[in-house]
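*Asks:* data.cif is reproduced below (mmCIF, C-alpha atoms and all ligand atoms).
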data_coords
#
loop_
_atom_site.label_atom_id
_atom_site.label_comp_id
_atom_site.auth_asym_id
_atom_site.auth_seq_id
_atom_site.Cartn_x
_atom_site.Cartn_y
_atom_site.Cartn_z
CA MET A 116 30.69 59.54 0.05
CA GLY A 117 27.44 58.34 -1.49
CA GLU A 118 26.11 54.82 -1.55
CA PRO A 119 28.22 52.42 -3.63
CA ILE A 120 26.72 52.20 -7.10
CA GLU A 121 25.41 48.82 -8.26
CA LEU A 122 27.08 47.79 -11.47
CA ASN A 123 25.32 45.50 -13.88
CA LYS A 124 27.30 42.65 -15.40
CA ARG A 125 28.28 44.66 -18.50
CA GLU A 126 29.53 47.51 -16.36
CA ALA A 127 31.40 45.11 -14.08
CA TRP A 128 33.09 43.70 -17.17
CA ALA A 129 34.03 47.20 -18.36
CA VAL A 130 35.59 47.93 -14.96
CA GLN A 131 37.52 44.68 -15.14
CA CYS A 132 38.79 45.60 -18.61
CA MET A 133 40.00 48.95 -17.33
CA ASP A 134 41.74 47.29 -14.36
CA ARG A 135 43.47 44.90 -16.71
CA GLN A 136 44.64 47.76 -18.86
CA LEU A 137 46.31 49.29 -15.84
CA VAL A 138 48.07 45.97 -15.18
CA VAL A 139 49.44 45.99 -18.75
CA LEU A 140 50.58 49.61 -18.41
CA ASP A 141 52.20 48.97 -15.01
CA ASP A 142 53.99 45.99 -16.48
CA LEU A 143 55.29 48.05 -19.40
CA ALA A 144 56.33 50.90 -17.09
CA SER A 145 58.13 48.55 -14.71
CA ARG A 146 60.22 47.20 -17.59
CA ALA A 147 60.79 50.48 -19.43
CA SER A 148 64.49 51.17 -19.57
CA ASP A 149 65.00 53.20 -22.73
CA THR A 150 63.37 55.87 -24.88
CA ARG A 151 61.66 53.38 -27.11
CA ALA A 152 60.07 51.57 -24.19
CA TRP A 153 58.65 54.83 -22.82
CA LEU A 154 57.33 55.74 -26.26
CA ALA A 155 55.68 52.33 -26.37
CA LEU A 156 54.03 53.03 -23.03
CA GLU A 157 52.78 56.38 -24.30
CA ARG A 158 51.42 54.72 -27.41
CA GLN A 159 49.69 51.97 -25.45
CA ALA A 160 48.05 54.46 -23.10
CA GLY A 161 46.93 56.39 -26.17
CA SER A 162 45.55 53.25 -27.77
CA TYR A 163 43.50 52.44 -24.67
CA ALA A 164 42.36 56.05 -24.44
CA ARG A 165 41.14 55.97 -28.03
CA HIS A 166 39.20 52.81 -27.28
CA LEU A 167 37.79 54.33 -24.09
CA GLY A 168 36.72 57.32 -26.15
CA THR A 169 34.28 55.10 -28.03
CA TRP A 170 32.74 54.12 -24.69
CA LEU A 171 32.64 57.67 -23.40
CA ALA A 172 31.11 58.98 -26.59
CA LYS A 173 27.59 57.97 -25.57
CA ASP A 174 26.07 58.49 -22.14
CA THR A 175 24.09 55.31 -22.53
CA ILE A 176 27.22 53.12 -22.53
CA PHE A 177 27.92 51.65 -19.08
CA PRO A 178 25.97 54.43 -17.29
CA ALA A 179 26.80 53.32 -13.74
CA ALA A 180 30.51 53.11 -14.54
CA ARG A 181 30.87 56.64 -15.96
CA ASP A 182 32.83 57.98 -13.01
CA ARG A 183 35.17 55.03 -13.17
CA MET A 184 35.59 55.58 -16.91
CA ARG A 185 36.46 59.23 -16.39
CA GLN A 186 38.93 58.23 -13.70
CA HIS A 187 40.41 55.74 -16.13
CA GLN A 188 40.72 58.45 -18.75
CA ALA A 189 42.71 60.51 -16.25
CA ASP A 190 44.83 57.48 -15.31
CA LEU A 191 45.64 56.81 -18.95
CA ALA A 192 46.57 60.44 -19.48
CA GLY A 193 48.81 60.12 -16.41
CA TYR A 194 50.70 57.18 -17.90
CA ALA A 195 51.11 59.02 -21.20
CA GLN A 196 52.37 62.11 -19.40
CA ARG A 197 54.78 60.08 -17.30
CA ALA A 198 56.18 58.52 -20.47
CA ARG A 199 56.53 61.93 -22.10
CA ASP A 200 58.32 63.28 -19.03
CA GLU A 201 60.74 60.36 -19.15
CA VAL A 202 61.77 61.19 -22.70
CA ALA A 203 61.49 64.99 -22.41
CA GLY A 204 65.25 65.41 -22.19
CA VAL A 205 66.01 63.23 -25.19
CA ASP A 206 67.14 64.97 -28.36
CA PRO A 207 64.02 65.30 -30.59
CA ASP A 208 65.71 63.64 -33.58
CA ALA A 209 66.82 60.69 -31.46
CA ARG A 210 63.32 60.46 -30.01
CA GLU A 211 61.69 60.36 -33.43
CA ALA A 212 64.25 57.82 -34.60
CA ALA A 213 63.33 55.64 -31.63
CA ARG A 214 59.64 56.10 -32.39
CA ALA A 215 60.16 54.85 -35.95
CA THR A 216 61.53 51.58 -34.57
CA LEU A 217 58.45 50.81 -32.49
CA GLY A 218 56.75 47.57 -33.46
CA ILE A 219 54.02 47.89 -36.05
CA ARG A 220 50.30 47.70 -35.24
CA LEU A 221 48.72 46.91 -38.58
CA ALA A 222 45.21 45.89 -39.65
CA VAL A 223 44.62 44.70 -43.22
CA ILE A 224 41.12 45.28 -44.56
CA GLY A 225 39.28 45.24 -47.86
CA LYS A 226 36.70 43.42 -49.92
CA GLY A 227 36.56 39.63 -50.17
CA GLY A 228 39.31 38.26 -52.37
CA ALA A 229 41.11 41.61 -52.62
CA GLY A 230 44.38 40.14 -51.34
CA LYS A 231 44.28 40.80 -47.58
CA THR A 232 45.58 37.41 -46.57
CA VAL A 233 48.44 37.23 -49.02
CA THR A 234 49.46 40.75 -48.02
CA SER A 235 49.26 39.99 -44.28
CA SER A 236 51.12 36.71 -44.44
CA THR A 237 53.91 37.84 -46.72
CA LEU A 238 54.48 41.06 -44.81
CA ALA A 239 54.56 39.13 -41.53
CA ARG A 240 57.19 36.75 -42.79
CA LEU A 241 59.32 39.40 -44.45
CA LEU A 242 59.36 41.45 -41.25
CA ALA A 243 60.27 38.36 -39.23
CA ARG A 244 63.10 37.63 -41.66
CA ASN A 245 64.39 41.05 -40.80
CA GLY A 246 64.86 39.82 -37.26
CA ARG A 247 61.65 41.32 -35.89
CA LYS A 248 59.23 39.62 -33.51
CA VAL A 249 55.98 39.27 -35.41
CA PHE A 250 52.55 38.20 -34.26
CA ALA A 251 50.09 37.54 -37.09
CA CYS A 252 46.43 37.12 -36.21
CA ASP A 253 43.63 35.80 -38.39
CA LEU A 254 40.34 37.48 -37.48
CA ASP A 255 38.51 35.93 -40.41
CA VAL A 256 35.93 33.24 -39.75
CA ASN A 257 36.98 31.81 -43.12
CA PRO A 258 40.56 31.15 -42.16
CA GLY A 259 43.37 31.39 -44.67
CA LEU A 260 46.26 33.15 -43.01
CA ALA A 261 47.81 29.99 -41.55
CA ILE A 262 48.19 28.35 -44.95
CA SER A 263 49.44 31.52 -46.55
CA LEU A 264 52.08 31.74 -43.82
CA GLY A 265 53.10 28.15 -44.50
CA LEU A 266 51.41 26.50 -41.51
CA PRO A 267 49.04 23.55 -41.63
CA ALA A 268 45.43 24.68 -42.03
CA THR A 269 44.18 23.40 -38.72
CA GLU A 270 46.33 25.27 -36.24
CA GLY A 271 45.75 28.49 -34.45
CA GLY A 272 42.90 28.66 -31.97
CA LEU A 273 43.35 29.72 -28.38
CA PRO A 274 43.02 26.69 -26.08
CA PRO A 275 40.03 26.63 -23.71
CA GLY A 276 42.31 27.52 -20.79
CA ALA A 277 43.18 30.85 -22.34
CA ILE A 278 39.62 32.13 -22.46
CA GLU A 279 37.04 32.29 -19.72
CA GLN A 280 33.41 33.10 -19.44
CA HIS A 281 32.37 36.49 -18.16
CA PRO A 282 28.65 37.20 -18.24
CA GLY A 283 29.21 40.86 -19.03
CA SER A 284 31.76 40.59 -21.79
CA ILE A 285 30.91 40.93 -25.45
CA TYR A 286 29.65 37.47 -26.46
CA GLY A 287 30.16 36.24 -22.86
CA TRP A 288 33.87 35.41 -23.11
CA GLN A 289 37.20 37.07 -22.54
CA LEU A 290 40.87 36.28 -22.10
CA THR A 291 41.70 34.72 -18.76
CA GLY A 292 43.02 37.26 -16.33
CA ASP A 293 46.15 35.54 -15.10
CA MET A 294 48.29 36.30 -18.14
CA THR A 295 49.03 39.53 -19.96
CA PRO A 296 48.18 39.49 -23.68
CA ILE A 297 51.79 39.15 -24.77
CA GLN A 298 52.21 36.18 -22.44
CA VAL A 299 49.20 34.57 -24.13
CA VAL A 300 50.91 35.04 -27.51
CA GLU A 301 54.21 33.68 -26.24
CA LYS A 302 52.55 30.68 -24.68
CA PHE A 303 49.85 29.71 -27.15
CA ALA A 304 50.68 31.03 -30.61
CA SER A 305 51.81 28.57 -33.27
CA VAL A 306 55.24 29.19 -34.69
CA ALA A 307 55.09 29.68 -38.46
CA PRO A 308 58.08 29.78 -40.83
CA ASP A 309 60.57 32.58 -40.15
CA GLY A 310 59.39 32.53 -36.53
CA VAL A 311 56.10 34.38 -37.07
CA ARG A 312 53.70 33.72 -34.18
CA PHE A 313 50.21 32.92 -35.30
CA LEU A 314 46.77 32.78 -33.69
CA GLY A 315 43.41 32.47 -35.35
CA LEU A 316 39.84 31.73 -34.45
CA GLY A 317 40.52 28.01 -34.19
CA LYS A 318 38.27 25.27 -35.32
CA ILE A 319 34.74 26.43 -35.83
CA GLY A 320 32.48 23.49 -36.37
CA PRO A 321 28.93 23.27 -37.64
CA SER A 322 26.19 24.82 -35.57
CA SER A 323 24.54 22.51 -33.03
CA GLU A 324 21.26 23.97 -34.29
CA GLY A 325 21.81 22.30 -37.61
CA ALA A 326 22.33 25.24 -39.98
CA GLY A 327 25.54 27.14 -40.67
CA THR A 328 28.59 27.39 -38.47
CA ASP A 329 28.82 27.57 -34.68
CA LYS A 330 28.56 31.33 -34.37
CA SER A 331 29.06 31.40 -30.63
CA ALA A 332 32.42 29.61 -30.89
CA ALA A 333 33.51 32.12 -33.49
CA LYS A 334 32.37 35.03 -31.37
CA GLN A 335 34.14 33.74 -28.26
CA SER A 336 37.37 33.62 -30.16
CA VAL A 337 36.83 36.98 -31.81
CA ALA A 338 36.12 38.66 -28.46
CA ALA A 339 39.26 37.18 -26.96
CA LEU A 340 41.49 37.98 -29.92
CA VAL A 341 40.28 41.57 -30.28
CA HIS A 342 41.20 42.17 -26.65
CA LEU A 343 44.43 40.32 -27.04
CA LEU A 344 45.41 42.59 -29.92
CA LEU A 345 44.46 45.72 -28.02
CA GLY A 346 46.55 44.66 -25.04
CA ILE A 347 49.89 44.11 -26.74
CA GLY A 348 51.96 47.12 -25.80
CA GLU A 349 55.42 45.61 -26.23
CA PRO A 350 57.75 47.92 -28.14
CA ASP A 351 59.53 45.09 -29.90
CA TRP A 352 56.58 43.17 -31.33
CA ASP A 353 54.99 43.74 -34.72
CA VAL A 354 51.30 42.90 -34.75
CA ILE A 355 49.43 42.24 -37.99
CA ALA A 356 45.76 41.28 -38.20
CA ASP A 357 43.99 39.97 -41.26
CA LEU A 358 40.36 41.06 -40.92
CA GLU A 359 37.25 39.50 -42.34
CA ALA A 360 36.20 40.95 -45.69
CA GLY A 361 34.07 44.05 -45.96
CA PRO A 362 33.03 46.86 -43.64
CA THR A 363 31.27 44.91 -40.87
CA THR A 364 34.28 44.04 -38.76
CA PRO A 365 35.93 47.48 -39.01
CA PHE A 366 32.52 48.88 -38.06
CA GLU A 367 32.69 46.65 -34.97
CA ARG A 368 36.17 48.05 -34.38
CA TYR A 369 38.13 44.82 -34.67
CA HIS A 370 40.95 47.11 -35.78
CA ALA A 371 40.87 49.04 -32.47
CA PHE A 372 44.48 48.02 -31.75
CA SER A 373 45.90 49.35 -35.01
CA GLU A 374 48.00 52.40 -35.80
CA ASP A 375 48.40 51.54 -39.46
CA VAL A 376 45.77 50.18 -41.80
CA ILE A 377 46.18 48.75 -45.27
CA VAL A 378 43.06 48.94 -47.41
CA VAL A 379 43.43 46.44 -50.24
CA PHE A 380 41.40 46.69 -53.41
CA GLY A 381 41.45 44.99 -56.77
CA PRO A 382 40.40 46.07 -60.25
CA ALA A 383 36.71 45.22 -59.77
CA TRP A 384 34.33 48.10 -59.29
CA ARG A 385 32.84 46.62 -56.15
CA SER A 386 36.27 46.21 -54.61
CA ALA A 387 36.77 49.97 -55.01
CA MET A 388 33.33 50.60 -53.58
CA THR A 389 34.25 48.66 -50.45
CA ALA A 390 37.53 50.56 -50.14
CA ARG A 391 35.68 53.86 -50.32
CA ARG A 392 33.29 52.70 -47.65
CA LEU A 393 36.14 51.58 -45.41
CA LEU A 394 38.29 54.70 -45.62
CA PRO A 395 36.17 56.95 -43.38
CA MET A 396 36.18 54.22 -40.70
CA VAL A 397 39.95 54.30 -40.46
CA GLU A 398 40.67 57.95 -41.13
CA ASP A 399 42.27 58.37 -37.69
CA ARG A 400 44.95 55.82 -38.68
CA ARG A 401 47.90 56.00 -41.05
CA THR A 402 46.35 54.41 -44.08
CA ILE A 403 47.88 52.82 -47.14
CA LEU A 404 45.68 52.23 -50.15
CA LEU A 405 47.00 49.12 -51.83
CA ALA A 406 46.01 48.33 -55.42
CA ASN A 407 46.37 44.60 -55.98
CA ARG A 408 45.93 42.27 -58.93
CA PHE A 409 45.71 44.96 -61.57
CA ARG A 410 46.87 43.96 -65.04
CA ASP A 411 46.15 46.79 -67.45
CA GLU A 412 42.81 47.81 -66.03
CA PRO A 413 42.42 51.55 -65.45
CA ASP A 414 42.65 52.97 -61.93
CA HIS A 415 39.45 53.57 -60.04
CA PRO A 416 38.39 57.21 -60.14
CA GLY A 417 39.37 58.98 -56.94
CA LEU A 418 41.25 56.05 -55.38
CA ALA A 419 44.94 56.79 -55.75
CA ALA A 420 46.97 53.85 -54.57
CA ARG A 421 50.08 54.47 -52.52
CA PHE A 422 51.23 50.97 -53.32
CA ARG A 423 50.69 48.49 -56.12
CA ILE A 424 51.07 44.75 -56.35
CA PRO A 425 50.71 43.54 -59.92
CA PHE A 426 48.62 40.60 -61.04
CA ASP A 427 50.95 37.66 -60.69
CA PRO A 428 50.06 34.20 -62.05
CA GLU A 429 52.85 32.56 -60.03
CA LEU A 430 51.35 33.84 -56.82
CA ALA A 431 47.88 32.68 -57.83
CA GLU A 432 49.30 29.25 -58.60
CA ALA A 433 51.10 29.03 -55.26
CA GLU A 434 47.88 29.85 -53.48
CA ARG A 435 45.96 27.35 -55.58
CA GLN A 436 48.34 24.66 -54.38
CA GLY A 437 48.00 25.75 -50.76
CA LEU A 438 51.60 26.92 -50.53
CA ALA A 439 52.97 30.03 -48.89
CA PRO A 440 53.71 32.38 -51.82
CA LEU A 441 56.93 33.50 -50.19
CA ASP A 442 58.22 29.91 -50.35
CA ALA A 443 56.74 28.96 -53.71
CA CYS A 444 57.62 32.03 -55.77
CA PRO A 445 59.98 34.25 -53.78
CA ASP A 446 61.17 36.18 -56.84
CA SER A 447 57.80 36.73 -58.48
CA PRO A 448 56.68 40.32 -59.18
CA ALA A 449 54.03 40.31 -56.44
CA ILE A 450 56.50 39.19 -53.78
CA VAL A 451 59.04 41.76 -54.96
CA ALA A 452 56.37 44.45 -54.56
CA LEU A 453 55.46 43.15 -51.11
CA SER A 454 59.13 43.37 -50.11
CA ARG A 455 59.03 47.07 -50.93
CA LEU A 456 55.95 47.39 -48.79
CA ALA A 457 57.76 45.69 -45.90
CA ASP A 458 60.62 48.17 -46.37
CA LEU A 459 58.17 51.01 -45.99
CA PHE A 460 57.20 49.73 -42.56
CA THR A 461 60.76 49.40 -41.39
CA SER A 462 62.03 52.65 -42.87
CA ALA A 463 63.29 55.16 -40.34
CA ALA A 464 61.43 57.90 -42.18
CA ARG A 465 58.01 56.32 -42.01
CA GLU A 466 56.56 58.56 -39.31
CA ALA A 467 57.27 61.54 -41.47
CA ALA A 468 56.03 60.04 -44.73
CA PRO A 469 53.28 62.18 -46.18
CA ASP A 470 49.96 60.49 -46.56
CA ASP A 471 49.48 60.77 -50.27
CA ASN A 472 46.38 58.65 -50.58
CA GLN A 473 43.48 60.45 -52.09
CA GLU A 474 39.93 59.72 -51.36
CA VAL A 475 37.04 61.10 -53.31
CA PRO A 476 33.61 60.06 -52.10
CA VAL A 477 31.54 58.65 -54.91
N1 LIG B 501 48.63 40.00 -57.04
C1 LIG B 501 47.94 38.87 -57.26
N2 LIG B 501 48.04 38.22 -58.43
C2 LIG B 501 47.35 37.10 -58.65
N3 LIG B 501 46.55 36.52 -57.77
C3 LIG B 501 46.41 37.11 -56.58
C4 LIG B 501 47.09 38.31 -56.26
N4 LIG B 501 46.77 38.66 -54.99
C5 LIG B 501 45.92 37.71 -54.55
N5 LIG B 501 45.69 36.78 -55.50
C6 LIG B 501 44.84 35.61 -55.40
O1 LIG B 501 43.53 36.04 -55.14
C7 LIG B 501 42.91 35.22 -54.18
C8 LIG B 501 42.49 36.05 -53.00
O2 LIG B 501 43.63 36.50 -52.29
P1 LIG B 501 43.61 36.58 -50.73
O3 LIG B 501 43.15 35.28 -50.17
O4 LIG B 501 44.86 37.13 -50.25
O5 LIG B 501 42.43 37.66 -50.56
P2 LIG B 501 41.58 38.02 -49.27
O6 LIG B 501 41.28 39.46 -49.38
O7 LIG B 501 42.26 37.56 -48.06
O8 LIG B 501 40.27 37.16 -49.51
P3 LIG B 501 39.13 36.74 -48.45
O9 LIG B 501 38.27 37.94 -48.31
O10 LIG B 501 38.44 35.61 -49.14
O11 LIG B 501 39.82 36.37 -47.21
C9 LIG B 501 43.92 34.14 -53.82
O12 LIG B 501 43.66 32.98 -54.53
C10 LIG B 501 45.23 34.73 -54.24
O13 LIG B 501 46.14 33.77 -54.68
MG MG B 502 41.61 36.30 -46.55
#
So, in terms of structure tokens, how does the structure I just supplied come out?
*Replies:*
Amino acid sequence: MGEPIELNKREAWAVQCMDRQLVVLDDLASRASDTRAWLALERQAGSYARHLGTWLAKDTIFPAARDRMRQHQADLAGYAQRARDEVAGVDPDAREAARATLGIRLAVIGKGGAGKTVTSSTLARLLARNGRKVFACDLDVNPGLAISLGLPATEGGLPPGAIEQHPGSIYGWQLTGDMTPIQVVEKFASVAPDGVRFLGLGKIGPSSEGAGTDKSAAKQSVAALVHLLLGIGEPDWDVIADLEAGPTTPFERYHAFSEDVIVVFGPAWRSAMTARRLLPMVEDRRTILLANRFRDEPDHPGLAARFRIPFDPELAEAERQGLAPLDACPDSPAIVALSRLADLFTSAAREAAPDDNQEVPV
């Protein structure tokens, strides 16, 4: 045995994150009683492993914690293997049917104004109406998801007791350690219509330095929520996050938790440009290209939408009035299209659905 290695504060934080991941996995394993629950454990271990992969990719990341990270990689593989062993005897068709019922992990991205929020909120509520447990999370510093869900504008931030300072964490804050992420959701999320649970970045006031908004408050909340999202392994929860416009937040991997990504774009050229820039960042996810707000404009070259939501004046009017579109115009063409999108996510065949998006770099 060599000398114990000194960890700096960033490395100590990374080790704490890994320890907390094991707590989440142990919790899931201790409650796993059916095929679906084991598949959820396998998925969660895989999700953490993918995230760990971004740390392992560069030797310069947490150098003194590399051994611990490699050990963690092996631990995660062990959980995934244990889950696979548990379901090894299950008929493959039954196993895949169980997999298709796992809760959704969806990030919605795209250019500003493309329709991310209306897509996120309406999907969340339609899924909840189907009897599913849904957690909708607004990761946009310009909040909008609460209103679109039908909640008052002000709600949604994590209370101070749910986040704590850690000198090594990104932006200096993290979730408190005495609750698992799903317990945080159950305890602190606002309840929107149809029972959707909602959290956002909370109130972000003006900067104490006089110009702009209080960036550190926003970053505290973002750091906590990104980890919250990554730590929800429950098989029976759908998780939907509405990301801030453009490529910056996907580049920062706010969508780390996701298995599915919707890239929304509108008829404007620049909206398509953003979609093209986003696609390579999410190519390891199941991706749906969603064309929104088209009237009779031509399609963008090389961006073949898998789904379309038409331009819909009723929806625009609902939003203008600050109403949830699902309440204000439930039968409008855009909401009808969004219902079909919700069906896609709940269809038993969705794992097998071919990815027929096309992407042509321009
Ligand atoms: N299919 C549609 N038909 C008509 N109006 C629409 C449609 N989809 C969205 N809109 C309107 O476009 C505006 C932007 O939509 P939304 O807020 O969902 O976009 P976003 O991508 O979340 O924008 P931001 O980047 O600002 O958060 C809203 O006023 C909304 O009502
Ligand atoms: Mg929005």
*Asks:* Quick one: residues within 10 Å of Leu344 in chain A, only C-alpha atoms counted, chain neighbours fewer than 2 positions away excluded, as a list in words?
*Replies:* Arg220, Phe250, Ala251, Cys252, Pro296, Ile297, Val300, Ala339, Leu340, Val341, His342, Gly346, Ile347, Gly348, Val354, Ile355, Ala356, Tyr369, His370, Ala371, Phe372 and Ser373 of chain A
*Asks:* Of the residues A:Gly225, A:Gly292, A:Gly315, A:Gly265, which is the one nearest to Ala433 in chain A, using only C-alpha atoms?
*Replies:*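 Of A:Gly225, A:Gly292, A:Gly315, A:Gly265, the one nearest Ala433 in chain A is A:Gly265, counting only C-alpha atoms.
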*Asks:* If you measure from CA of Leu405 in chain A to CA of Thr363 in chain A, what distance in Å do you get, rounded to one decimal?
*Replies:* 19.6 Å
*Asks:* So which residues touch Asp399 in chain A within 12 Å, counting only C-alpha atoms, skipping near sequence neighbours fewer than 2 positions away, as a list in words?
*Replies:*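 Using only C-alpha atoms, the neighbours found are Ser162, Arg165, His370, Ala371, Ser373, Glu374, Asp375, Val376, Leu393, Leu394, Pro395, Met396, Val397, Arg401, Thr402 and Asp470 of chain A.
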*Asks:* Using all atoms listed in the file, pick whichever of A:Asp141, A:Asp357, A:Asp414, A:Glu157 has the shortest atom-to-atom distance to Ser263 in chain A.
*Replies:*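 Among the listed residues, A:Asp357 lies closest to Ser263 in chain A.
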*Asks:* Under the rule of at most 7 Å, produce a per-residue listing of chain A near ligand LIG 501 (chain B): chain, number, name, the closest pair of atoms, and the distance in Å, as JSON lines, using all atoms listed in the file.
*Replies:*
{"residue": "A:Gly225", "atom": "CA", "partner": "B:LIG501", "partner_atom": "O6", "distance": 6.3}
{"residue": "A:Lys226", "atom": "CA", "partner": "B:LIG501", "partner_atom": "O9", "distance": 5.9}
{"residue": "A:Gly227", "atom": "CA", "partner": "B:LIG501", "partner_atom": "O9", "distance": 3.0}
{"residue": "A:Gly228", "atom": "CA", "partner": "B:LIG501", "partner_atom": "O8", "distance": 3.2}
{"residue": "A:Ala229", "atom": "CA", "partner": "B:LIG501", "partner_atom": "O6", "distance": 3.9}
{"residue": "A:Gly230", "atom": "CA", "partner": "B:LIG501", "partner_atom": "O4", "distance": 3.2}
{"residue": "A:Lys231", "atom": "CA", "partner": "B:LIG501", "partner_atom": "O6", "distance": 3.7}
{"residue": "A:Thr232", "atom": "CA", "partner": "B:LIG501", "partner_atom": "O7", "distance": 3.6}
{"residue": "A:Val233", "atom": "CA", "partner": "B:LIG501", "partner_atom": "O4", "distance": 3.8}
{"residue": "A:Thr234", "atom": "CA", "partner": "B:LIG501", "partner_atom": "O4", "distance": 6.3}
{"residue": "A:Asp255", "atom": "CA", "partner": "B:LIG501", "partner_atom": "O11", "distance": 6.9}
{"residue": "A:Asn257", "atom": "CA", "partner": "B:LIG501", "partner_atom": "O11", "distance": 6.8}
{"residue": "A:Gly259", "atom": "CA", "partner": "B:LIG501", "partner_atom": "O11", "distance": 6.6}
{"residue": "A:Glu359", "atom": "CA", "partner": "B:LIG501", "partner_atom": "O9", "distance": 6.3}
{"residue": "A:Ala360", "atom": "CA", "partner": "B:LIG501", "partner_atom": "O9", "distance": 4.5}
{"residue": "A:Asn407", "atom": "CA", "partner": "B:LIG501", "partner_atom": "N1", "distance": 5.2}
{"residue": "A:Arg408", "atom": "CA", "partner": "B:LIG501", "partner_atom": "N1", "distance": 4.0}
{"residue": "A:Ile424", "atom": "CA", "partner": "B:LIG501", "partner_atom": "N1", "distance": 5.4}
{"residue": "A:Pro425", "atom": "CA", "partner": "B:LIG501", "partner_atom": "N1", "distance": 5.0}
{"residue": "A:Phe426", "atom": "CA", "partner": "B:LIG501", "partner_atom": "N2", "distance": 3.6}
{"residue": "A:Asp427", "atom": "CA", "partner": "B:LIG501", "partner_atom": "N2", "distance": 3.7}
{"residue": "A:Pro428", "atom": "CA", "partner": "B:LIG501", "partner_atom": "C2", "distance": 5.2}
{"residue": "A:Leu430", "atom": "CA", "partner": "B:LIG501", "partner_atom": "C2", "distance": 5.5}
{"residue": "A:Ala431", "atom": "CA", "partner": "B:LIG501", "partner_atom": "O13", "distance": 3.8}
{"residue": "A:Glu432", "atom": "CA", "partner": "B:LIG501", "partner_atom": "O13", "distance": 6.8}
{"residue": "A:Ala433", "atom": "CA", "partner": "B:LIG501", "partner_atom": "O13", "distance": 6.9}
{"residue": "A:Glu434", "atom": "CA", "partner": "B:LIG501", "partner_atom": "O13", "distance": 4.5}
{"residue": "A:Arg435", "atom": "CA", "partner": "B:LIG501", "partner_atom": "O12", "distance": 6.2}
{"residue": "A:Ala449", "atom": "CA", "partner": "B:LIG501", "partner_atom": "N1", "distance": 5.4}
*Asks:* Quick one: range 249-263 of chain A with N, CA and C atoms, as an mmCIF file, keeping the file's coordinate frame?
*Replies:*
data_model
loop_
_atom_site.group_PDB
_atom_site.id
_atom_site.type_symbol
_atom_site.label_atom_id
_atom_site.label_comp_id
_atom_site.auth_asym_id
_atom_site.auth_seq_id
_atom_site.Cartn_x
_atom_site.Cartn_y
_atom_site.Cartn_z
ATOM 1 N N VAL A 249 57.230 38.986 -34.704
ATOM 2 C CA VAL A 249 55.980 39.270 -35.410
ATOM 3 C C VAL A 249 54.870 38.344 -34.914
ATOM 4 N N PHE A 250 53.752 38.958 -34.591
ATOM 5 C CA PHE A 250 52.550 38.200 -34.260
ATOM 6 C C PHE A 250 51.515 38.469 -35.348
ATOM 7 N N ALA A 251 51.088 37.410 -36.027
ATOM 8 C CA ALA A 251 50.090 37.540 -37.090
ATOM 9 C C ALA A 251 48.801 36.876 -36.610
ATOM 10 N N CYS A 252 47.696 37.568 -36.787
ATOM 11 C CA CYS A 252 46.430 37.120 -36.210
ATOM 12 C C CYS A 252 45.361 37.071 -37.295
ATOM 13 N N ASP A 253 44.695 35.953 -37.401
ATOM 14 C CA ASP A 253 43.630 35.800 -38.390
ATOM 15 C C ASP A 253 42.291 36.052 -37.709
ATOM 16 N N LEU A 254 41.649 37.160 -38.068
ATOM 17 C CA LEU A 254 40.340 37.480 -37.480
ATOM 18 C C LEU A 254 39.210 37.110 -38.436
ATOM 19 N N ASP A 255 39.511 36.295 -39.401
ATOM 20 C CA ASP A 255 38.510 35.930 -40.410
ATOM 21 C C ASP A 255 37.921 34.567 -40.064
ATOM 22 N N VAL A 256 36.599 34.511 -40.045
ATOM 23 C CA VAL A 256 35.930 33.240 -39.750
ATOM 24 C C VAL A 256 36.224 32.207 -40.847
ATOM 25 N N ASN A 257 36.509 32.696 -42.055
ATOM 26 C CA ASN A 257 36.980 31.810 -43.120
ATOM 27 C C ASN A 257 38.495 31.858 -43.111
ATOM 28 N N PRO A 258 39.128 30.952 -42.377
ATOM 29 C CA PRO A 258 40.560 31.150 -42.160
ATOM 30 C C PRO A 258 41.377 30.931 -43.425
ATOM 31 N N GLY A 259 42.507 31.561 -43.506
ATOM 32 C CA GLY A 259 43.370 31.390 -44.670
ATOM 33 C C GLY A 259 44.789 31.800 -44.351
ATOM 34 N N LEU A 260 44.943 32.582 -43.292
ATOM 35 C CA LEU A 260 46.260 33.150 -43.010
ATOM 36 C C LEU A 260 47.288 32.079 -42.669
ATOM 37 N N ALA A 261 46.856 31.039 -41.951
ATOM 38 C CA ALA A 261 47.810 29.990 -41.550
ATOM 39 C C ALA A 261 48.465 29.377 -42.783
ATOM 40 N N ILE A 262 47.644 28.999 -43.747
ATOM 41 C CA ILE A 262 48.190 28.350 -44.950
ATOM 42 C C ILE A 262 49.094 29.309 -45.709
ATOM 43 N N SER A 263 48.657 30.544 -45.807
ATOM 44 C CA SER A 263 49.440 31.520 -46.550
ATOM 45 C C SER A 263 50.778 31.810 -45.865
#
